[in-house]
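Below is the file my_file16.cif, which contains mmCIF, C-alpha atoms.
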data_coords
#
loop_
_atom_site.label_atom_id
_atom_site.label_comp_id
_atom_site.auth_asym_id
_atom_site.auth_seq_id
_atom_site.Cartn_x
_atom_site.Cartn_y
_atom_site.Cartn_z
CA MET A 263 24.93 89.75 -0.18
CA ARG A 264 25.89 86.07 -0.45
CA ARG A 265 23.10 83.80 -1.65
CA LEU A 266 22.80 80.08 -0.83
CA GLY A 267 22.63 77.69 -3.77
CA ARG A 268 19.54 75.69 -4.39
CA GLY A 269 21.32 72.37 -4.03
CA THR A 270 22.62 73.24 -0.55
CA ALA A 271 19.21 74.17 0.84
CA GLU A 272 17.43 71.18 -0.64
CA GLY A 273 20.14 68.75 0.44
CA HIS A 274 19.68 69.69 4.11
CA GLY A 275 15.91 69.18 3.76
CA GLU A 276 16.16 65.60 2.37
CA ARG A 277 18.41 64.11 5.04
CA GLY A 278 15.53 63.24 7.40
CA ALA A 279 13.43 61.70 4.61
CA ILE A 280 16.00 58.95 3.99
CA SER A 281 15.99 57.95 7.67
CA VAL A 282 12.20 57.69 7.70
CA LEU A 283 12.23 55.55 4.55
CA VAL A 284 14.86 53.21 5.99
CA ALA A 285 12.88 52.85 9.23
CA ILE A 286 9.71 51.95 7.32
CA LEU A 287 11.54 49.39 5.17
CA MET A 288 13.15 47.82 8.23
CA VAL A 289 9.73 47.22 9.78
CA VAL A 290 8.52 45.58 6.56
CA LEU A 291 11.63 43.43 6.22
CA LEU A 292 11.48 42.33 9.86
CA GLY A 293 7.82 41.49 9.41
CA PHE A 294 8.57 39.25 6.42
CA GLY A 295 11.46 37.66 8.32
CA ALA A 296 9.22 36.94 11.27
CA LEU A 297 6.60 35.44 8.95
CA ALA A 298 9.21 33.19 7.30
CA VAL A 299 10.58 31.93 10.63
CA ASP A 300 7.19 31.24 12.18
CA THR A 301 5.88 29.66 8.98
CA GLY A 302 8.88 27.33 9.00
CA VAL A 303 8.16 26.37 12.61
CA LEU A 304 4.52 25.62 11.79
CA TYR A 305 5.43 23.65 8.65
CA ALA A 306 7.97 21.50 10.52
CA GLU A 307 5.48 20.85 13.31
CA ARG A 308 2.72 19.90 10.89
CA THR A 309 5.04 17.53 9.01
CA GLN A 310 5.85 15.66 12.23
CA LEU A 311 2.19 15.52 13.15
CA ARG A 312 1.20 14.23 9.73
CA ASN A 313 3.83 11.47 9.93
CA GLY A 314 2.49 10.51 13.35
CA ALA A 315 -1.13 10.56 12.18
CA ASP A 316 -0.29 8.44 9.11
CA ALA A 317 1.60 5.88 11.18
CA ALA A 318 -1.14 5.68 13.80
CA ALA A 319 -3.98 5.36 11.27
CA LEU A 320 -2.16 2.72 9.22
CA ALA A 321 -1.33 0.68 12.33
CA VAL A 322 -4.90 0.74 13.64
CA ALA A 323 -6.24 -0.18 10.17
CA GLN A 324 -3.85 -3.13 9.97
CA LYS A 325 -5.11 -4.38 13.34
CA CYS A 326 -8.72 -4.02 12.17
CA ALA A 327 -7.99 -5.75 8.86
CA LYS A 328 -6.75 -8.81 10.73
CA ASP A 329 -9.30 -8.78 13.56
CA VAL A 330 -12.00 -6.16 14.17
CA ASN A 331 -12.16 -7.32 17.79
CA ASP A 332 -8.51 -6.52 18.45
CA PRO A 333 -8.17 -4.11 21.42
CA ASP A 334 -6.19 -1.73 19.21
CA CYS A 335 -9.01 -1.70 16.65
CA SER A 336 -10.86 0.83 18.78
CA SER A 337 -11.21 4.55 19.36
CA THR A 338 -9.15 4.18 22.55
CA SER A 339 -6.19 2.43 20.92
CA THR A 340 -2.98 2.93 22.91
CA LEU A 341 -1.02 1.93 19.81
CA ALA A 342 -2.12 5.13 18.04
CA ALA A 343 -0.93 7.39 20.85
CA GLY A 344 2.46 5.68 20.99
CA LEU A 345 3.08 6.10 17.28
CA ALA A 346 1.99 9.75 17.32
CA ASN A 347 4.54 10.46 20.06
CA SER A 348 7.29 8.47 18.34
CA ASN A 349 7.05 10.58 15.20
CA ALA A 350 7.36 13.91 17.05
CA GLY A 351 10.79 15.51 17.28
CA ASP A 352 10.36 16.13 21.00
CA GLY A 353 8.39 12.92 21.58
CA LEU A 354 5.39 14.95 22.73
CA SER A 355 2.35 14.76 20.49
CA ASN A 356 -1.19 13.75 21.26
CA VAL A 357 -4.01 12.04 19.43
CA LYS A 358 -6.64 14.75 19.44
CA SER A 359 -9.23 12.35 18.03
CA LEU A 360 -9.55 8.84 16.65
CA SER A 361 -12.67 8.13 14.62
CA LEU A 362 -13.34 4.49 13.69
CA ASP A 363 -16.05 3.25 11.33
CA LYS A 364 -15.96 -0.55 11.14
CA THR A 365 -18.85 -0.67 8.69
CA ALA A 366 -17.16 1.60 6.15
CA ARG A 367 -13.76 0.13 7.19
CA THR A 368 -12.13 3.51 7.76
CA VAL A 369 -10.13 5.07 10.59
CA THR A 370 -9.24 8.77 10.92
CA VAL A 371 -6.55 9.89 13.35
CA THR A 372 -5.95 13.58 14.07
CA ALA A 373 -2.65 14.34 15.76
CA GLY A 374 -1.78 17.61 17.51
CA ALA A 375 1.24 19.25 19.11
CA GLN A 376 1.63 18.91 22.85
CA GLU A 377 3.89 21.30 24.78
CA ALA A 378 4.49 20.95 28.49
CA GLY A 379 2.52 23.47 30.51
CA LYS A 380 0.64 24.78 27.49
CA GLN A 381 -2.66 24.10 25.87
CA ALA A 382 -2.64 20.91 23.82
CA ASN A 383 -2.19 21.34 20.05
CA ASN A 384 -0.75 24.88 20.42
CA VAL A 385 2.67 25.82 19.04
CA SER A 386 4.49 28.89 20.38
CA LEU A 387 5.37 31.57 17.84
CA PHE A 388 8.48 33.68 18.33
CA PHE A 389 8.36 36.82 16.16
CA ALA A 390 4.60 36.94 15.70
CA ARG A 391 4.26 37.95 19.35
CA VAL A 392 4.85 41.57 18.36
CA PHE A 393 1.53 41.33 16.51
CA GLY A 394 -0.22 39.82 19.52
CA LEU A 395 -0.05 36.17 18.31
CA ASN A 396 1.57 34.06 21.03
CA SER A 397 0.59 30.61 19.75
CA THR A 398 -1.55 28.84 17.18
CA GLU A 399 -3.21 25.45 16.99
CA VAL A 400 -1.62 22.88 14.67
CA THR A 401 -3.28 19.57 13.85
CA ALA A 402 -2.91 16.96 11.09
CA PRO A 403 -5.56 14.39 10.15
CA SER A 404 -5.01 11.09 8.33
CA THR A 405 -7.66 8.70 7.01
CA VAL A 406 -7.00 5.06 6.12
CA GLN A 407 -9.32 2.47 4.60
CA TRP A 408 -8.95 -1.29 4.86
CA GLY A 409 -10.58 -4.21 3.10
CA SER A 410 -10.03 -7.03 0.64
CA PRO A 411 -9.29 -6.19 -3.00
CA VAL A 412 -12.21 -6.64 -5.39
CA ALA A 413 -10.79 -4.96 -8.50
CA GLY A 414 -7.30 -4.20 -9.72
CA THR A 415 -4.45 -5.35 -11.90
CA THR A 416 -3.26 -8.85 -11.09
CA ALA A 417 0.53 -9.23 -11.17
CA PHE A 418 0.33 -12.67 -12.76
CA PRO A 419 -2.48 -14.10 -14.95
CA LEU A 420 -2.97 -17.37 -13.09
CA THR A 421 -6.07 -18.44 -11.15
CA PHE A 422 -6.78 -21.38 -8.87
CA SER A 423 -9.74 -23.00 -7.13
CA ILE A 424 -11.09 -21.88 -3.77
CA CYS A 425 -10.78 -25.45 -2.53
CA GLN A 426 -7.00 -25.15 -2.86
CA VAL A 427 -6.79 -22.25 -0.42
CA ARG A 428 -9.35 -23.25 2.23
CA GLY A 429 -7.60 -24.66 5.25
CA HIS A 430 -4.16 -23.91 3.86
CA VAL A 431 -3.60 -20.27 4.88
CA ASP A 432 -0.92 -21.34 7.32
CA GLY A 433 2.34 -21.10 5.40
CA THR A 434 2.41 -24.81 4.48
CA LEU A 435 4.35 -25.35 1.25
CA GLN A 436 2.12 -26.81 -1.46
CA LEU A 437 1.91 -27.39 -5.17
CA LEU A 438 -0.90 -25.82 -7.21
CA GLN A 439 -1.12 -27.83 -10.41
CA GLY A 440 -2.74 -26.47 -13.51
CA HIS A 441 -2.21 -29.75 -15.35
CA GLY A 442 -0.81 -33.21 -14.66
CA SER A 443 -1.76 -36.72 -13.61
CA GLY A 444 -3.62 -36.68 -10.31
CA ALA A 445 -3.39 -32.91 -10.08
CA ASN A 446 -5.38 -31.38 -7.22
CA PRO A 447 -7.57 -34.49 -6.80
CA SER A 448 -10.20 -32.72 -4.70
CA CYS A 449 -10.39 -29.71 -7.02
CA ASN A 450 -10.75 -31.17 -10.50
CA TYR A 451 -13.11 -29.29 -12.76
CA GLY A 452 -12.00 -31.04 -15.94
CA PRO A 453 -9.91 -33.94 -17.26
CA SER A 454 -6.24 -34.60 -16.38
CA GLY A 455 -6.36 -32.29 -13.41
CA ALA A 456 -7.00 -29.23 -15.55
CA ALA A 457 -9.40 -26.58 -14.26
CA VAL A 458 -11.41 -26.82 -17.50
CA GLU A 459 -11.04 -28.95 -20.60
CA GLY A 460 -8.20 -27.45 -22.61
CA GLY A 461 -7.48 -24.94 -19.85
CA PHE A 462 -4.51 -24.56 -17.54
CA GLY A 463 -5.69 -21.83 -15.20
CA TRP A 464 -4.34 -18.99 -17.35
CA LEU A 465 -6.24 -15.75 -17.76
CA PRO A 466 -5.80 -13.52 -20.82
CA ASN A 467 -3.18 -10.87 -20.06
CA ASP A 468 -3.46 -7.31 -21.28
CA PRO A 469 -1.23 -6.59 -24.33
CA GLY A 470 2.39 -5.99 -23.43
CA ILE A 471 2.11 -6.73 -19.70
CA CYS A 472 2.09 -9.77 -17.46
CA GLY A 473 -1.38 -9.69 -15.95
CA GLY A 474 -4.50 -7.66 -16.48
CA LEU A 475 -7.32 -5.75 -14.86
CA ILE A 476 -9.68 -7.97 -12.86
CA ASN A 477 -13.00 -6.97 -11.34
CA LEU A 478 -14.57 -9.64 -9.16
CA ALA A 479 -17.96 -7.95 -9.48
CA VAL A 480 -18.02 -8.32 -13.27
CA SER A 481 -18.48 -11.60 -15.14
CA GLU A 482 -15.76 -11.58 -17.77
CA GLY A 483 -15.39 -14.50 -20.16
CA GLY A 484 -12.30 -15.88 -21.81
CA SER A 485 -9.22 -17.84 -20.75
CA ASP A 486 -5.81 -18.63 -22.17
CA PRO A 487 -5.59 -22.38 -22.88
CA GLY A 488 -1.83 -22.29 -23.52
CA ASN A 489 0.44 -24.79 -21.80
CA SER A 490 3.19 -22.25 -20.99
CA ALA A 491 3.12 -18.91 -19.21
CA PRO A 492 2.49 -15.92 -21.52
CA ALA A 493 5.68 -14.58 -23.12
CA ALA A 494 4.94 -11.18 -21.56
CA CYS A 495 5.61 -12.81 -18.16
CA ASP A 496 9.21 -13.84 -18.90
CA ALA A 497 10.65 -10.69 -17.31
CA THR A 498 8.39 -11.11 -14.25
CA LEU A 499 9.52 -14.71 -13.73
CA GLN A 500 13.19 -13.72 -14.13
CA ARG A 501 12.70 -11.06 -11.45
CA TRP A 502 10.96 -13.51 -9.12
CA ALA A 503 13.85 -15.98 -9.49
CA ALA A 504 16.41 -13.26 -8.73
CA ASP A 505 14.51 -12.16 -5.62
CA ILE A 506 14.08 -15.71 -4.28
CA THR A 507 17.76 -16.49 -4.92
CA ALA A 508 18.70 -13.33 -2.99
CA GLY A 509 16.56 -14.43 -0.04
CA ARG A 510 13.75 -11.94 -0.63
CA ASP A 511 10.09 -12.93 -0.36
CA VAL A 512 7.95 -12.92 -3.49
CA VAL A 513 4.31 -12.48 -2.47
CA VAL A 514 1.64 -12.02 -5.15
CA LEU A 515 -2.12 -11.64 -5.03
CA LEU A 516 -3.55 -14.43 -7.18
CA PRO A 517 -7.25 -14.51 -8.14
CA VAL A 518 -9.40 -17.37 -6.82
CA PHE A 519 -12.36 -18.97 -8.61
CA ASN A 520 -15.25 -21.03 -7.26
CA LYS A 521 -16.82 -22.16 -10.53
CA VAL A 522 -16.01 -22.53 -14.22
CA SER A 523 -17.94 -22.98 -17.43
CA GLY A 524 -17.04 -23.59 -21.07
CA THR A 525 -13.86 -25.05 -22.51
CA GLY A 526 -10.52 -23.82 -23.85
CA ALA A 527 -10.37 -20.17 -24.81
CA GLY A 528 -14.13 -19.91 -24.30
CA ALA A 529 -14.00 -20.87 -20.64
CA THR A 530 -15.17 -18.47 -17.95
CA TYR A 531 -13.79 -18.48 -14.41
CA GLY A 532 -16.05 -17.25 -11.61
CA LEU A 533 -13.49 -15.18 -9.68
CA ILE A 534 -14.41 -14.44 -6.07
CA SER A 535 -11.30 -13.14 -4.25
CA PHE A 536 -7.56 -12.53 -4.26
CA ALA A 537 -5.32 -14.69 -2.07
CA ALA A 538 -1.76 -13.92 -1.00
CA PHE A 539 0.67 -16.56 -2.26
CA LYS A 540 4.36 -16.67 -1.33
CA VAL A 541 6.12 -18.12 -4.37
CA ALA A 542 8.88 -20.73 -3.96
CA GLY A 543 9.13 -22.20 -7.47
CA TRP A 544 7.24 -23.16 -10.62
CA SER A 545 7.13 -25.22 -13.80
CA PHE A 546 5.09 -23.88 -16.69
CA SER A 547 6.45 -26.04 -19.51
CA GLY A 548 8.60 -29.12 -20.13
CA ASN A 549 11.70 -26.90 -20.21
CA ASN A 550 13.53 -27.14 -16.87
CA SER A 551 15.27 -23.78 -17.11
CA LEU A 552 14.40 -20.13 -16.57
CA PRO A 553 12.00 -18.55 -17.11
CA ASP A 554 9.84 -21.66 -17.76
CA SER A 555 10.91 -23.50 -14.59
CA PHE A 556 12.60 -22.58 -11.32
CA HIS A 557 13.14 -24.50 -8.05
CA ASN A 558 10.58 -27.03 -9.22
CA LYS A 559 12.22 -30.20 -7.91
CA SER A 560 14.55 -31.42 -5.16
CA PRO A 561 16.92 -30.42 -3.67
CA ASP A 562 15.42 -26.92 -4.03
CA VAL A 563 12.00 -28.11 -2.82
CA SER A 564 10.68 -31.18 -1.09
CA SER A 565 9.81 -34.13 -3.33
CA SER A 566 6.23 -33.93 -1.99
CA VAL A 567 5.68 -30.62 -3.83
CA ALA A 568 8.05 -31.14 -6.78
CA CYS A 569 6.68 -30.37 -10.23
CA ASP A 570 8.46 -32.11 -13.09
CA GLY A 571 7.66 -34.10 -16.22
CA ASN A 572 4.10 -33.39 -17.36
CA CYS A 573 3.35 -31.36 -14.22
CA ARG A 574 2.44 -27.71 -14.75
CA GLY A 575 2.07 -25.59 -11.65
CA ILE A 576 3.38 -23.17 -9.08
CA ILE A 577 4.94 -24.03 -5.70
CA GLY A 578 4.54 -21.91 -2.59
CA SER A 579 2.31 -21.20 0.36
CA PHE A 580 -0.81 -19.21 1.17
CA ILE A 581 -0.19 -16.69 3.92
CA GLN A 582 -2.15 -14.25 6.01
CA TYR A 583 -1.24 -10.95 4.44
CA VAL A 584 -1.96 -7.28 4.89
CA SER A 585 -0.48 -5.10 2.20
CA LEU A 586 0.10 -1.32 2.26
CA ALA A 587 -0.84 -1.25 -1.40
CA ASN A 588 -2.75 1.07 -3.69
CA GLY A 589 -4.33 0.45 -7.06
CA PHE A 590 -7.15 -1.78 -5.84
CA THR A 591 -10.79 -1.10 -5.12
CA LEU A 592 -11.61 -2.44 -1.67
CA GLY A 593 -14.58 -4.33 -0.30
CA PRO A 594 -15.46 -6.28 2.88
CA VAL A 595 -12.69 -8.42 4.34
CA ASP A 596 -12.56 -11.90 2.80
CA ALA A 597 -11.53 -14.59 5.29
CA ASN A 598 -9.75 -16.54 2.52
CA GLY A 599 -8.24 -13.57 0.77
CA ALA A 600 -5.66 -10.86 1.28
CA THR A 601 -6.40 -7.51 2.85
CA ILE A 602 -5.11 -4.05 1.99
CA VAL A 603 -4.84 -0.82 3.95
CA LYS A 604 -4.32 2.45 2.11
CA LEU A 605 -4.20 6.14 2.85
CA THR A 606 -7.17 8.04 1.45
CA GLN A 607 -6.48 11.44 3.05
#
Starting from the coordinates I provided, produce the structure as structure tokens.
Amino acid sequence: MRRLGRGTAEGHGERGAISVLVAILMVVLLGFGALAVDTGVLYAERTQLRNGADAAALAVAQKCAKDVNDPDCSSTSTLAAGLANSNAGDGLSNVKSLSLDKTARTVTVTAGAQEAGKQANNVSLFFARVFGLNSTEVTAPSTVQWGSPVAGTTAFPLTFSICQVRGHVDGTLQLLQGHGSGANPSCNYGPSGAAVEGGFGWLPNDPGICGGLINLAVSEGGSDPGNSAPAACDATLQRWAADITAGRDVVVLLPVFNKVSGTGAGATYGLISFAAFKVAGWSFSGNNSLPDSFHNKSPDVSSSVACDGNCRGIIGSFIQYVSLANGFTLGPVDANGATIVKLTQ
């Protein structure tokens, strides 16, 4: 009698097992593929919504920073809806909610997907339908705060009197003198037009940088009585000159004081706000070349604001300014100062 070999019998028995294993693995692989595709769709949709929410919240906050009575500084702002739509790939998003707190100076915009003929904020899923999931809600919130800076690192260690900014936040070119005959006649706090005796409006800068940390809520003593700008500011002044020459605006937040005490290095400035100043030129020593001086006399500037000879000062204009800047602690809006809007969520 002929007997079958063991390998022949077992081989016929294993053929079906391979098919079952392949079928199981195909289901798993298709499931992961479906998850990857639908996850990508949701991620792309959320990215568009987040861009729209950020743009809407920042725009509303900027309106509120300039005027809390602006029609777009409201929970029914049409500006927010327009920006949410503009940042959607299909131009169809909606502002699910707009929460405005004028006391805390915050605005939160939540954007959601909007598909024609479907429930707002729902995004259709393709492969997940085999698991009974036809759509899912996608939203993206964004919170922005606005206010005037009260603490942060000043870009340049120079301060000036509040009486020099009041009534001049209109772009008019002017000269802020720290020293010189007849300097700032209505703002003299010391002899020869200086803010304080032996002082030129300079604040001590932190080691190695041009500027330093300023907190308007803290009384910090000390000033730099030097005639010239700190050496650490040479690179900053060179950069300003290059930007102005190239036609780019140089706008800095300069601290403002309303009182002074002491003399020389022992003087204390009572800082109350930051004001936005568009720089046009300067003269910080008797040397009429960079970085000590730049565009400080005609024909670069009008003779009415020229700063030459024993004049020490900065030329430019105060402007109404809203900055999308970080790095500052914010407080209530100061009518004479700059304002900042920043994303917090």
Using all atoms listed in the file, can you tell me which of A:Ala417, A:Trp544, A:Thr405, A:Gly344 comes closest to A:Leu475?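 Comparing A:Ala417, A:Trp544, A:Thr405, A:Gly344 against A:Leu475, the winner is A:Ala417.
Atom CA of A:Thr525 is found 5.2 Å from atom CA of A:Glu459.
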The PyMOL selection byres ((chain A and resi 581-589) around 7) - which residues does that actually catch in the file I just gave you? List them as a PyMOL selection string. chain A and resi 324+414+431-433+538-540+579-580+590-591+600-604
Dump as number ranges by chain all residues having an atom at most 7 Å from (7.0, -25.7, -19.8), computed in the file's coordinates with all atoms listed in the file. A: 489-490, 545-549, 554-555
With only C-alpha atoms as the counted atoms, please give the residues lying no more than 8 Å from A:His557, apart from itself and same-chain residues fewer than 4 positions off, as a list in words.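 Final neighbour list, sorted by chain and number: Ala542, Gly543, Trp544, Asp562 and Val563 of chain A.
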Please produce an output containing C-alpha atoms for each residue in the selection, written as a PDB file, in the frame of the given file.
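As a result, result.pdb now contains:
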ATOM      1  CA  ALA A 542       8.880 -20.730  -3.960  1.00  0.00           C
ATOM      2  CA  GLY A 543       9.130 -22.200  -7.470  1.00  0.00           C
ATOM      3  CA  TRP A 544       7.240 -23.160 -10.620  1.00  0.00           C
ATOM      4  CA  ASP A 562      15.420 -26.920  -4.030  1.00  0.00           C
ATOM      5  CA  VAL A 563      12.000 -28.110  -2.820  1.00  0.00           C
TER       6      VAL A 563
END
Quick one: residues within 9 Å of A:Gln607, only C-alpha atoms, excluding same-chain residues fewer than 2 positions away - as a list of chain:residue names?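 Those residues are A:Thr370, A:Pro403, A:Ser404, A:Thr405, A:Val406, A:Leu605.
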Go ahead and compute the interatomic distance for atom CA of A:Asp329 and atom CA of A:Lys364, in Å to one decimal. 10.9 Å
Residue contacts of A:Thr498 (12 Å, all atoms listed in the file) excluding same-chain residues fewer than 3 positions away, as a ChimeraX atom specification: /A:417-419,471-473,491-495,501-505,512,514,552-554
Selection result for the PyMOL selection byres ((chain A and resi 366) around 10) on this file, as number ranges by chain: A: 362-365, 367-369, 407-409, 593-594
Calculate how many Å separate atom CA of A:Pro466 from atom CA of A:Phe536, rounding to one decimal. 16.7 Å
Given only C-alpha atoms as the basis, pick out the residue of A:Pro561, A:Gly578, A:Gly599, A:Pro487 nearest to A:Gln439.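 Of all the options, A:Gly578 lies closest to A:Gln439.
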Just say which residues the PyMOL selection byres ((chain A and resi 524) around 10) picks in this file, as a list in words.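 Applied to this file, the PyMOL selection byres ((chain A and resi 524) around 10) returns Val458, Glu459, Gly460, Gly461, Gly483, Gly484, Ser485, Val522, Ser523, Thr525, Gly526, Ala527, Gly528, Ala529, Thr530 and Tyr531 of chain A.
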Can you list, as a short mmCIF file (atom, residue, chain, number, x, y, z; two decimals) with C-alpha atoms, in the coordinates of the input, every protein, DNA or RNA residue that comes within 9 Å of A:Ser336 when you count all atoms listed in the file, leaving out same-chain residues fewer than 6 positions away?
data_model
loop_
_atom_site.label_atom_id
_atom_site.label_comp_id
_atom_site.auth_asym_id
_atom_site.auth_seq_id
_atom_site.Cartn_x
_atom_site.Cartn_y
_atom_site.Cartn_z
CA VAL A 322 -4.90 0.74 13.64
CA CYS A 326 -8.72 -4.02 12.17
CA VAL A 330 -12.00 -6.16 14.17
CA LEU A 360 -9.55 8.84 16.65
CA SER A 361 -12.67 8.13 14.62
CA LEU A 362 -13.34 4.49 13.69
#
Write out as an MDAnalysis selection string each polymer residue whose atoms come within 6 Å of stretch 565-574 of chain A, counting all atoms listed in the file; drop sequence neighbours fewer than 6 positions from it. chainID A and resid 436:437 439:442 545:546 558:559
